[in-house]
Structure formats: structure tokens, C-alpha cells
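Text of model.cif, listed as mmCIF, C-alpha atoms:
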```cif
data_target
loop_
_atom_site.label_atom_id
_atom_site.label_comp_id
_atom_site.auth_asym_id
_atom_site.auth_seq_id
_atom_site.Cartn_x
_atom_site.Cartn_y
_atom_site.Cartn_z
CA MET A 1 138.66 124.54 42.34
CA VAL A 2 140.74 121.52 43.30
CA SER A 3 140.22 119.49 46.45
CA LEU A 4 142.89 116.95 47.34
CA ARG A 5 141.93 114.18 49.75
CA GLY A 6 143.73 111.09 50.90
CA ILE A 7 147.24 112.24 49.95
CA ARG A 8 149.68 109.75 51.42
CA LEU A 9 150.61 110.69 54.95
CA ARG A 10 154.35 110.32 54.51
CA TYR A 11 154.46 113.22 52.03
CA ILE A 12 152.43 115.41 54.36
CA ALA A 13 154.87 114.38 57.11
CA LEU A 14 157.78 115.49 54.93
CA VAL A 15 156.27 118.95 54.53
CA ILE A 16 155.54 119.22 58.26
CA ALA A 17 159.07 118.06 59.08
CA LEU A 18 160.69 120.64 56.82
CA ILE A 19 158.53 123.42 58.28
CA ALA A 20 159.38 122.30 61.83
CA ILE A 21 163.10 122.13 61.05
CA ALA A 22 163.05 125.61 59.51
CA ALA A 23 161.11 126.99 62.50
CA GLY A 24 163.42 125.22 64.94
CA VAL A 25 166.53 126.60 63.27
CA TYR A 26 165.09 130.11 63.28
CA LEU A 27 163.96 129.98 66.92
CA THR A 28 167.20 128.42 68.12
CA PHE A 29 169.82 130.35 66.17
CA PHE A 30 168.24 133.54 64.82
CA HIS A 31 165.23 134.55 66.91
CA SER A 32 167.42 135.51 69.90
CA LYS A 33 170.33 136.92 67.92
CA GLY A 34 171.41 140.20 69.54
CA PHE A 35 169.08 139.72 72.53
CA GLU A 36 170.39 140.34 76.03
CA LYS A 37 169.66 138.50 79.26
CA THR A 38 168.03 140.00 82.33
CA THR A 39 165.87 138.90 85.25
CA ALA A 40 162.12 139.42 85.40
CA GLU A 41 159.38 138.89 87.94
CA ILE A 42 156.20 137.03 86.97
CA VAL A 43 153.37 139.41 87.78
CA SER A 44 150.35 137.47 86.42
CA ILE A 45 149.34 134.11 84.99
CA GLU A 46 145.88 134.09 83.39
CA GLU A 47 144.02 131.16 81.84
CA GLN A 48 142.95 131.88 78.28
CA GLU A 49 139.35 131.36 77.20
CA LYS A 50 138.79 128.08 75.35
CA LEU A 51 137.15 128.11 71.94
CA PHE A 52 136.07 124.48 72.41
CA GLU A 53 135.49 122.49 75.57
CA ASP A 54 138.09 119.82 74.75
CA ASP A 55 140.87 122.30 73.86
CA ASP A 56 144.04 122.22 75.95
CA THR A 57 144.30 124.91 78.60
CA GLN A 58 146.53 127.82 77.57
CA TYR A 59 147.95 130.56 79.80
CA THR A 60 149.03 134.16 79.30
CA VAL A 61 152.11 135.06 81.37
CA LYS A 62 153.15 138.65 82.04
CA VAL A 63 156.55 139.61 83.45
CA LYS A 64 158.03 142.81 84.88
CA TYR A 65 161.63 143.76 84.19
CA THR A 66 163.79 146.91 84.01
CA VAL A 67 166.04 148.06 81.17
CA ASN A 68 168.14 151.23 81.49
CA GLY A 69 165.98 152.47 84.36
CA THR A 70 162.69 151.91 82.50
CA GLU A 71 160.25 149.30 83.81
CA TYR A 72 158.38 147.11 81.35
CA VAL A 73 155.41 144.78 81.87
CA GLU A 74 155.01 142.52 78.84
CA GLU A 75 153.60 139.16 77.78
CA LEU A 76 156.24 136.45 77.85
CA GLY A 77 154.77 134.36 75.06
CA SER A 78 155.43 131.04 76.77
CA TYR A 79 154.32 129.08 79.83
CA SER A 80 155.84 126.48 82.12
CA PRO A 81 154.12 124.58 84.96
CA SER A 82 156.97 125.81 87.17
CA TYR A 83 155.89 129.43 86.74
CA LYS A 84 154.34 131.09 89.81
CA VAL A 85 153.32 134.71 90.41
CA GLY A 86 156.18 136.49 92.15
CA LYS A 87 158.82 134.08 90.87
CA THR A 88 161.98 135.53 89.32
CA ILE A 89 163.11 134.03 86.01
CA ASN A 90 165.71 134.77 83.34
CA VAL A 91 164.42 136.34 80.12
CA LEU A 92 165.87 137.67 76.89
CA TYR A 93 164.96 141.09 75.49
CA ASP A 94 165.80 143.04 72.36
CA PRO A 95 168.02 146.00 73.32
CA ASN A 96 166.71 147.91 70.29
CA ASN A 97 163.13 147.24 71.37
CA PRO A 98 163.09 146.29 75.07
CA SER A 99 159.35 145.56 75.01
CA GLU A 100 160.08 142.45 72.91
CA VAL A 101 160.86 139.68 75.38
CA HIS A 102 160.79 135.90 75.54
CA SER A 103 161.83 133.21 77.93
CA GLY A 104 164.80 131.86 75.98
CA ASN A 105 163.92 128.45 77.38
CA GLY A 106 165.12 126.50 74.36
CA PHE A 107 161.70 125.84 72.85
CA GLY A 108 163.22 126.12 69.39
CA ILE A 109 165.50 123.16 69.95
CA TYR A 110 162.50 120.96 70.76
CA VAL A 111 160.81 122.05 67.53
CA LEU A 112 164.02 121.29 65.65
CA ILE A 113 164.34 117.83 67.21
CA ALA A 114 160.68 117.06 66.48
CA GLY A 115 161.16 118.06 62.85
CA VAL A 116 164.23 115.87 62.48
CA VAL A 117 162.42 112.89 64.03
CA ILE A 118 159.38 113.32 61.75
CA LEU A 119 161.68 113.65 58.73
CA ALA A 120 163.57 110.49 59.69
CA VAL A 121 160.33 108.53 60.10
CA ALA A 122 158.94 109.77 56.77
CA VAL A 123 162.14 109.00 54.84
CA ALA A 124 162.44 105.60 56.53
CA SER A 125 158.86 104.72 55.56
CA ILE A 126 159.56 105.59 51.91
CA VAL A 127 162.75 103.53 51.86
CA ILE A 128 161.11 100.59 53.66
CA GLY A 129 158.17 100.70 51.23
CA ARG A 130 160.50 100.52 48.24
CA ILE A 131 162.48 97.67 49.78
CA LYS A 132 159.27 95.71 50.42
CA LEU A 133 158.10 96.27 46.85
CA LYS A 134 161.47 95.16 45.48
CA LYS A 135 161.41 91.98 47.57
CA LEU A 136 157.82 91.31 46.53
CA LYS A 137 158.69 91.64 42.86
CA GLU A 138 161.49 89.13 43.34
CA THR A 139 159.13 86.49 44.71
CA GLU A 140 155.75 87.18 43.07
CA ASN A 141 154.30 88.23 39.74
CA VAL A 142 153.27 91.74 40.81
CA GLY A 143 153.00 95.22 39.35
CA LYS A 144 153.74 95.43 35.64
CA GLU A 145 155.07 91.85 35.68
CA ALA A 146 151.79 90.41 37.01
CA VAL A 147 150.42 87.41 35.10
CA TYR A 148 146.81 86.31 35.59
CA ALA A 149 145.34 82.95 34.67
CA PRO A 150 143.26 82.83 31.47
CA SER A 151 139.52 83.15 31.83
CA VAL A 152 137.64 79.89 32.29
CA SER A 153 133.87 79.91 31.85
CA GLY A 154 131.35 77.70 33.61
CA GLU A 155 127.75 78.01 34.65
CA GLU A 156 126.67 81.47 35.71
CA ARG A 157 126.52 81.93 39.48
CA GLU A 158 125.57 84.72 41.84
CA LEU A 159 128.34 85.77 44.22
CA TYR A 160 128.61 88.40 46.94
CA PHE A 161 131.40 90.89 47.56
CA LEU A 162 131.70 92.16 51.15
CA THR A 163 133.95 94.60 52.96
CA ASP A 164 134.79 94.45 56.66
CA LEU A 165 133.38 97.35 58.63
CA GLY A 166 134.46 98.90 61.93
CA THR A 167 138.07 97.74 61.85
CA LEU A 168 141.40 99.31 60.90
CA LYS A 169 142.44 96.15 59.10
CA ALA A 170 139.51 96.22 56.69
CA GLY A 171 139.49 93.16 54.47
CA HIS A 172 137.37 92.12 51.48
CA ARG A 173 135.93 88.82 50.33
CA ILE A 174 133.76 87.09 47.76
CA GLU A 175 131.23 84.58 49.08
CA ASP A 176 128.88 82.16 47.37
CA ALA A 177 125.21 81.69 48.21
CA ASN A 178 126.18 79.29 51.01
CA ARG A 179 128.41 82.03 52.55
CA SER A 180 131.54 80.06 51.78
CA VAL A 181 134.48 82.40 51.12
CA LEU A 182 135.90 81.78 47.65
CA PHE A 183 138.44 84.61 47.45
CA GLU A 184 139.53 87.22 49.98
CA ALA A 185 142.07 89.91 50.76
CA VAL A 186 143.23 89.85 54.38
CA MET A 187 145.21 92.84 55.66
CA THR A 188 148.30 91.57 57.45
CA LYS A 189 149.79 94.97 58.28
CA HIS A 190 148.15 98.37 58.72
CA SER A 191 150.40 101.40 58.28
CA LEU A 192 149.82 105.15 58.19
CA THR A 193 152.93 105.92 56.17
CA SER A 194 153.50 102.78 54.06
CA PRO A 195 151.27 100.70 51.78
CA TYR A 196 148.99 98.22 53.51
CA GLU A 197 150.17 94.62 53.33
CA PHE A 198 147.56 92.10 52.19
CA ASP A 199 147.37 88.38 51.60
CA PHE A 200 145.14 87.62 48.60
CA ILE A 201 143.80 84.12 49.24
CA ASP A 202 142.22 81.97 46.53
CA HIS A 203 140.41 79.39 48.66
CA VAL A 204 139.23 77.38 45.65
CA ASN A 205 142.75 76.75 44.35
CA ASN A 206 144.44 77.07 47.76
CA VAL A 207 146.82 79.82 46.58
CA THR A 208 147.98 82.82 48.64
CA LYS A 209 149.79 85.84 47.20
CA ALA A 210 151.16 88.88 49.04
CA HIS A 211 150.32 92.35 47.69
CA LEU A 212 150.93 95.98 48.68
CA VAL A 213 147.82 98.15 48.55
CA GLY A 214 148.42 101.89 48.81
CA HIS A 215 146.34 104.50 50.59
CA GLU A 216 143.42 105.91 48.63
CA GLU A 217 144.13 109.16 46.78
CA SER A 218 141.51 111.53 45.37
CA THR A 219 141.51 114.66 43.26
CA GLU A 220 138.16 116.41 43.06
CA TRP A 221 137.21 119.16 40.61
CA ASN A 222 134.06 121.25 41.01
CA SER A 223 133.29 120.91 37.33
CA LEU A 224 131.28 118.60 35.09
CA LEU A 225 133.83 119.07 32.31
CA ILE A 226 136.85 117.79 34.24
CA ASP A 227 136.37 114.40 35.87
CA ASN A 228 137.27 113.53 39.44
CA ASN A 229 139.93 110.92 40.05
CA HIS A 230 140.01 108.28 42.78
CA THR A 231 142.75 105.68 42.91
CA PHE A 232 145.42 103.85 44.90
CA LYS A 233 148.68 102.10 44.14
CA PHE A 234 148.61 98.32 43.73
CA ASP A 235 152.09 96.83 44.05
CA GLY A 236 153.50 100.26 43.22
CA GLU A 237 151.35 100.81 40.11
CA ASP A 238 148.16 102.83 39.70
CA VAL A 239 145.39 100.23 40.09
CA TRP A 240 143.40 101.46 37.06
CA LYS A 241 146.47 101.29 34.80
CA HIS A 242 147.18 97.83 36.20
CA LEU A 243 143.68 96.63 35.33
CA LYS A 244 143.69 98.21 31.87
CA ARG A 245 147.05 96.67 31.06
CA ASN A 246 145.55 93.28 31.91
CA GLY A 247 142.64 93.69 29.51
CA ILE A 248 140.01 94.97 31.94
CA ASP A 249 137.35 97.40 30.72
CA VAL A 250 134.30 98.42 32.74
CA LYS A 251 131.03 99.90 31.51
CA SER A 252 129.07 101.57 34.28
CA LYS A 253 125.75 103.31 34.73
CA ILE A 254 123.46 104.42 37.51
CA GLY A 255 120.40 102.27 37.91
CA GLY A 256 118.06 100.43 40.23
CA GLY A 257 119.49 97.29 41.71
CA SER A 258 117.88 94.47 43.62
CA GLY A 259 115.17 95.78 45.90
CA LYS A 260 115.01 98.96 43.75
CA LEU A 261 118.16 100.26 45.45
CA ILE A 262 119.75 103.03 43.40
CA GLY A 263 123.47 102.60 42.83
CA VAL A 264 126.16 102.13 40.20
CA ASN A 265 126.02 98.95 38.15
CA PHE A 266 129.06 97.62 36.29
CA THR A 267 129.68 95.32 33.35
CA VAL A 268 133.24 94.03 33.65
CA CYS A 269 134.93 92.84 30.46
CA ARG A 270 138.29 91.22 29.87
CA ASP A 271 139.72 91.47 26.37
CA ASP A 272 136.24 92.54 25.13
CA ALA A 273 134.56 89.43 26.57
CA GLU A 274 132.10 89.88 29.43
CA LEU A 275 133.59 88.76 32.73
CA ALA A 276 130.82 89.71 35.15
CA ARG A 277 127.90 91.97 35.97
CA VAL A 278 128.30 93.79 39.28
CA GLU A 279 125.56 95.58 41.19
CA SER A 280 125.91 97.97 44.13
CA THR A 281 124.04 96.88 47.26
CA SER A 282 123.66 97.73 50.91
CA GLN A 283 125.84 95.94 53.47
CA TYR A 284 123.25 93.15 53.35
CA VAL A 285 124.35 91.55 50.12
CA HIS A 286 122.64 88.20 50.60
CA GLU A 287 118.96 88.29 49.65
CA GLU A 288 117.78 86.75 52.90
CA ASP A 289 119.72 89.35 54.92
CA ALA A 290 118.32 92.18 52.82
CA GLU A 291 114.81 90.84 53.36
CA ALA A 292 115.37 90.84 57.12
CA HIS A 293 116.63 94.45 57.05
CA LYS A 294 114.27 96.08 54.57
CA ILE A 295 114.99 99.69 55.57
CA ALA A 296 118.77 99.34 55.79
CA SER A 297 118.90 97.31 52.59
CA ALA A 298 117.70 100.38 50.67
CA ILE A 299 120.83 102.32 51.60
CA PRO A 300 123.85 101.80 49.28
CA ALA A 301 127.06 100.93 51.10
CA LYS A 302 130.57 101.44 49.75
CA GLY A 303 132.33 98.13 49.25
CA PHE A 304 129.30 95.79 48.94
CA TYR A 305 128.17 94.21 45.67
CA ARG A 306 126.25 91.36 44.10
CA VAL A 307 128.09 89.68 41.25
CA TRP A 308 126.84 87.50 38.41
CA THR A 309 129.61 85.71 36.55
CA LYS A 310 130.54 82.60 34.61
CA GLU A 311 134.21 83.20 35.38
CA GLN A 312 135.88 80.47 37.44
CA ASN A 313 139.26 82.21 38.00
CA LEU A 314 138.30 85.01 40.38
CA GLU A 315 141.65 86.74 40.99
CA LEU A 316 141.44 89.49 38.36
CA LEU A 317 137.68 89.97 38.85
CA PHE A 318 138.23 90.26 42.60
CA LEU A 319 140.92 92.94 42.11
CA THR A 320 138.60 94.88 39.77
CA ILE A 321 135.76 94.95 42.30
CA LEU A 322 138.22 95.75 45.10
CA ALA A 323 139.38 98.81 43.15
CA PHE A 324 135.81 100.16 43.22
CA ALA A 325 135.27 99.06 46.81
CA ARG A 326 138.27 101.03 48.11
CA THR A 327 137.64 104.20 46.09
CA GLU A 328 134.69 106.37 45.15
CA ALA A 329 135.25 105.76 41.44
CA SER A 330 132.48 104.63 39.11
CA ASP A 331 134.52 103.79 36.01
CA ALA A 332 137.76 101.96 35.27
CA SER A 333 139.79 105.15 34.87
CA GLY A 334 139.07 106.21 38.45
CA GLY A 335 136.52 108.83 37.42
CA THR A 336 132.99 109.59 38.61
CA ARG A 337 131.33 111.22 35.60
CA LYS A 338 131.19 108.41 33.03
CA ALA A 339 128.50 106.41 34.85
CA LEU A 340 126.26 109.51 34.87
CA PHE A 341 126.89 110.24 31.19
CA ASN A 342 126.27 106.59 30.23
CA THR A 343 122.99 106.69 32.14
CA LEU A 344 121.87 109.92 30.44
CA LYS A 345 122.77 108.45 27.04
CA GLY A 346 120.80 105.30 27.86
CA GLU A 347 123.79 103.01 27.44
#
```

Starting from the file, give its structure as C-alpha cells.
Amino acid sequence: MVSLRGIRLRYIALVIALIAIAAGVYLTFFHSKGFEKTTAEIVSIEEQEKLFEDDDTQYTVKVKYTVNGTEYVEELGSYSPSYKVGKTINVLYDPNNPSEVHSGNGFGIYVLIAGVVILAVAVASIVIGRIKLKKLKETENVGKEAVYAPSVSGEERELYFLTDLGTLKAGHRIEDANRSVLFEAVMTKHSLTSPYEFDFIDHVNNVTKAHLVGHEESTEWNSLLIDNNHTFKFDGEDVWKHLKRNGIDVKSKIGGGSGKLIGVNFTVCRDDAELARVESTSQYVHEEDAEAHKIASAIPAKGFYRVWTKEQNLELLFLTILAFARTEASDASGGTRKALFNTLKGE
């Protein structure tokens, strides 16, 4: 069984638009083909029972009309606030089956217009996204052309990776023990149909780079044999392919972290040399905060980590941790099974 979650909204919008256009064309040009017009009297308007309290109120309208001397009382299939019991309105009926009637009020044209508008927005978002990526590639080293500074080792230090909570423009940052932000990703534009726009800011070297971070995409399989996949596009390229192409490999396993918290722990390597050790935490990544929130600090939180590293250039390490923070993956191919298997094997 396959479960798809997080598919980019613009592609869903394309499907909805095409369905709406097809329905609009049918309702406008074919549904009433061969129908004839007559007048009908509204004989009842009844409120339909709601399945849920917050559902919109729906009404059933019945009309009375005569065809070839035979009187019919049928449901109209539509409602307008202007409808009143006893009011006479124009309706369309099928001469081959006079009991089939509808208002002929042009509802199909509204469906058609809505479909065209949704299609235009979806296509525009795709085009705009490609234009932005093209412009970004002309000004920055991004995507497959990205170049990262060589690794520079120093004394090992403990750092803290945090994710903003409770905001649409969720950002990410790495802090030191003094809570000084060393590196961060600040969302500059939130979009439902295009990649998010971020500024990646290296506060140590005073460098800012723009990047496009796509919406998270997941494919889940109810099987231990076929791994799940969780990913997003980074400057138009799958983030895991981007990291692998830049020498990143991650070994992961499930284990007890600080405070005996159970989570996924990572060893991040670049070109076979250890870059950092990363440990899942609660949202209280600093030890003093965890101590002050002992119960909450035992609950793992997506997007929060403690990091031990000798690496001084944090850009590639930051992107690696961000890839895990924004997905549910536990290995550097976007999967979820390898950490479990490594743990069972004792690696």
C-alpha cells in the first residue's frame, strides 16, 4: 500500500483545475442539450440535516411544473437565496424524461471559470518558480553548481540546532552555548504553490546566500522491505542527492540521547571524514533549559538537535541537519528503515 503525503500543491491544483474545467464544459454545453424551457412554481424549501455542526447549510428545493398536461413535482437540484415558496421561476426539463429538471441558472459557467482561474494560478506558479531558480543560478552557486568551502577543523564544540515553532515562516538556526546564532536560515517568502524562499546567513563570516527550499514530499510503504522516502527540493535538486554529490554520508541509529531521551543519533561524514555527531533532543536543546523542563525534555521534537563538531565552516553541516529537520527521514537517502537496521545490527 502506498501513501503519498506532502505532494506539491500546484500539481494537485492542476488536477483540480482540469476536473473543474471538464465539469464546467459538460454542465454548460452538454448537460442541457436538448432540454426545453418552462415555468415552475417552488412548492417547498427544506433545510438538509447537517452531518457536522460547522457544515454549511444546504437546502432541498422542490418545484411543480406541467408538461403535456402532466404535472410533476421534482427536486430542482440547486438553491438560490432568492428562492421563496410560491415563486415562479424558469426551469429546463428533458422532453424525453420530463421528471429530470434543473434550474439552468448557469452554474456550469462558474465551475468553468473557477477551473480556468485555478489552472492559470498553478501554471503561473510553475513558471515563476522556474524563473526564480534560473535567476538564482545566475547569481549564486546553487543546485548542481553549488561549491562549498573545504572543511576546517578546530577544537570540538557543542552546538544547538533549533527550529522555529508556531509560525508559517519557520526558520532554523545553529546556536553556541552562549545562545549566539552562528548560522541560520530565515524564510523570506512563504508560498503554497512555489518553493519557499530562504536567506542562509553565516553570521561568523558575514555571508548571506539566497536559496529555494521546496515543500516536503513523502512516499510511505506499509512494508519493512521497501523503505519510506521523505525529501524536498533544494534549489531545484533533491536535497539528499545534493548532499551526496557534495561528499556527505550519514550513519544513523536509534539510541538514548542526553537525559536518556530516545531518538535518532547521526554521525555526519564528509568525504569519509567525520564532520559531526548529531543527537535528537526535545525543543529544549540547551542543557539548562532541559533541566528546567524535565518532563518536556524527555519528548523528542522534530527539528531540534545537539551537535558536537570540530568543523568551523558550518554551511554544509547546517544544510545536512536542516534536511533531517524538515523531513521525517533518518538516513541520508531520505529513508526511515536504515537507522532501525543499524541499531539491530549494533552498528

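The spacing separating atom CA of Val15 of chain A from atom CA of Ala122 of chain A amounts to 9.8 Å.
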
### Message
Taking all atoms listed in the file into account, name the residue in A:Val91, A:Leu319, A:Ala329, A:Ile45 that is nearest to Thr66 of chain A.
### Response
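Going through A:Val91, A:Leu319, A:Ala329, A:Ile45 one by one, the smallest distance to Thr66 of chain A is for A:Val91.
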
I'd like a table as JSON lines: residues in segment 79-163 of chain A with an atom no more than 8 Å from segment 185-204 of chain A, each row giving the shortest atom pair and its distance in Å to one decimal, all atoms listed in the file counted, sorted by chain and rising residue number.
```
{"residue": "A:Ala122", "atom": "CA", "partner": "A:Thr193", "partner_atom": "CA", "distance": 7.2}
{"residue": "A:Ser125", "atom": "CA", "partner": "A:Ser194", "partner_atom": "CA", "distance": 5.9}
{"residue": "A:Ile126", "atom": "CA", "partner": "A:Ser194", "partner_atom": "CA", "distance": 7.0}
{"residue": "A:Ile128", "atom": "CA", "partner": "A:Ser194", "partner_atom": "CA", "distance": 7.9}
{"residue": "A:Gly129", "atom": "CA", "partner": "A:Ser194", "partner_atom": "CA", "distance": 5.8}
```

### Query
Applied to this file, what does the PyMOL selection byres ((chain A and resi 238-253) around 9) return in terms of residues, put as a PyMOL selection string?
chain A and resi 143-144+146-148+231-237+254-255+263-272+275+316-317+319-320+323+330-334+338-344+346-347

Got a sec to resolve the PyMOL selection byres ((chain A and resi 295) around 12) on this structure and send the residues as a PDB file with C-alpha atoms, keeping the file's coordinate frame?
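And here's part_2.pdb as it stands now:
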```pdb
ATOM      1  CA  GLY A 259     115.170  95.780  45.900  1.00  0.00           C
ATOM      2  CA  LYS A 260     115.010  98.960  43.750  1.00  0.00           C
ATOM      3  CA  LEU A 261     118.160 100.260  45.450  1.00  0.00           C
ATOM      4  CA  SER A 282     123.660  97.730  50.910  1.00  0.00           C
ATOM      5  CA  GLN A 283     125.840  95.940  53.470  1.00  0.00           C
ATOM      6  CA  TYR A 284     123.250  93.150  53.350  1.00  0.00           C
ATOM      7  CA  ASP A 289     119.720  89.350  54.920  1.00  0.00           C
ATOM      8  CA  ALA A 290     118.320  92.180  52.820  1.00  0.00           C
ATOM      9  CA  GLU A 291     114.810  90.840  53.360  1.00  0.00           C
ATOM     10  CA  ALA A 292     115.370  90.840  57.120  1.00  0.00           C
ATOM     11  CA  HIS A 293     116.630  94.450  57.050  1.00  0.00           C
ATOM     12  CA  LYS A 294     114.270  96.080  54.570  1.00  0.00           C
ATOM     13  CA  ALA A 296     118.770  99.340  55.790  1.00  0.00           C
ATOM     14  CA  SER A 297     118.900  97.310  52.590  1.00  0.00           C
ATOM     15  CA  ALA A 298     117.700 100.380  50.670  1.00  0.00           C
ATOM     16  CA  ILE A 299     120.830 102.320  51.600  1.00  0.00           C
ATOM     17  CA  PRO A 300     123.850 101.800  49.280  1.00  0.00           C
TER      18      PRO A 300
END
```

### Among the residues A:Lys37, A:Arg337, A:Lys310, A:Arg326, the one that comes closest to Pro95 of chain A [using all atoms listed in the file]
A:Lys37

### Ground truth for the PyMOL selection byres ((chain A and resi 156-169) around 9), written as number ranges by chain
A: 153-155, 170-177, 179, 186-190, 196, 283-286, 302-311, 318, 321-322, 325

### Task
Name the closest residue to Phe35 of chain A among the candidates A:Glu74, A:Glu145, A:Glu100, A:Asp55; distances are taken between atoms, counting all atoms listed in the file.
A:Glu100

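With atom CA of Leu92 of chain A on one side and atom CA of Ala40 of chain A on the other, the separation reads 9.5 Å.
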
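Counting from atom CA of Asn141 of chain A, the distance to atom CA of Glu315 of chain A is 12.8 Å.
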
### Task
Measuring atom to atom with all atoms listed in the file, identify which of A:Ser218, A:Thr139, A:Asn228, A:Thr57 is nearest to Pro81 of chain A.
A:Thr57

#### Entry: Option closest in space to Ile12 of chain A, from A:Leu136, A:Val123, A:Ala301, A:Ala114 [counting all atoms listed in the file]
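Of A:Leu136, A:Val123, A:Ala301, A:Ala114, the one nearest Ile12 of chain A, counting all atoms listed in the file, is A:Val123.
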
### Task
With a distance cut-off of 12 Å and only C-alpha atoms, select the neighbouring residues of Phe30 of chain A, excluding the residue or stretch itself and same-chain residues fewer than 5 positions from it, and output the selection as a PyMOL selection string.
chain A and resi 22-25+35+104+108-109

Selection file, C-alpha atoms, as a short mmCIF file (atom, residue, chain, number, x, y, z; two decimals), keeping the file's coordinate frame:
```cif
data_model
loop_
_atom_site.label_atom_id
_atom_site.label_comp_id
_atom_site.auth_asym_id
_atom_site.auth_seq_id
_atom_site.Cartn_x
_atom_site.Cartn_y
_atom_site.Cartn_z
CA ALA A 22 163.05 125.61 59.51
CA ALA A 23 161.11 126.99 62.50
CA GLY A 24 163.42 125.22 64.94
CA VAL A 25 166.53 126.60 63.27
CA PHE A 35 169.08 139.72 72.53
CA GLY A 104 164.80 131.86 75.98
CA GLY A 108 163.22 126.12 69.39
CA ILE A 109 165.50 123.16 69.95
#
```

### Query
What's the 12 Å shell around Thr70 of chain A, counting only C-alpha atoms, without same-chain residues fewer than 5 positions away, as a list in words?
Lys64, Tyr65, Pro98 and Ser99 of chain A

### Query
Pick from A:Glu41, A:Tyr110, A:Thr281, A:Ala276: nearest to Ile262 of chain A, with only C-alpha atoms counted?
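Looking at the shortest contact to Ile262 of chain A, the residue is A:Thr281.
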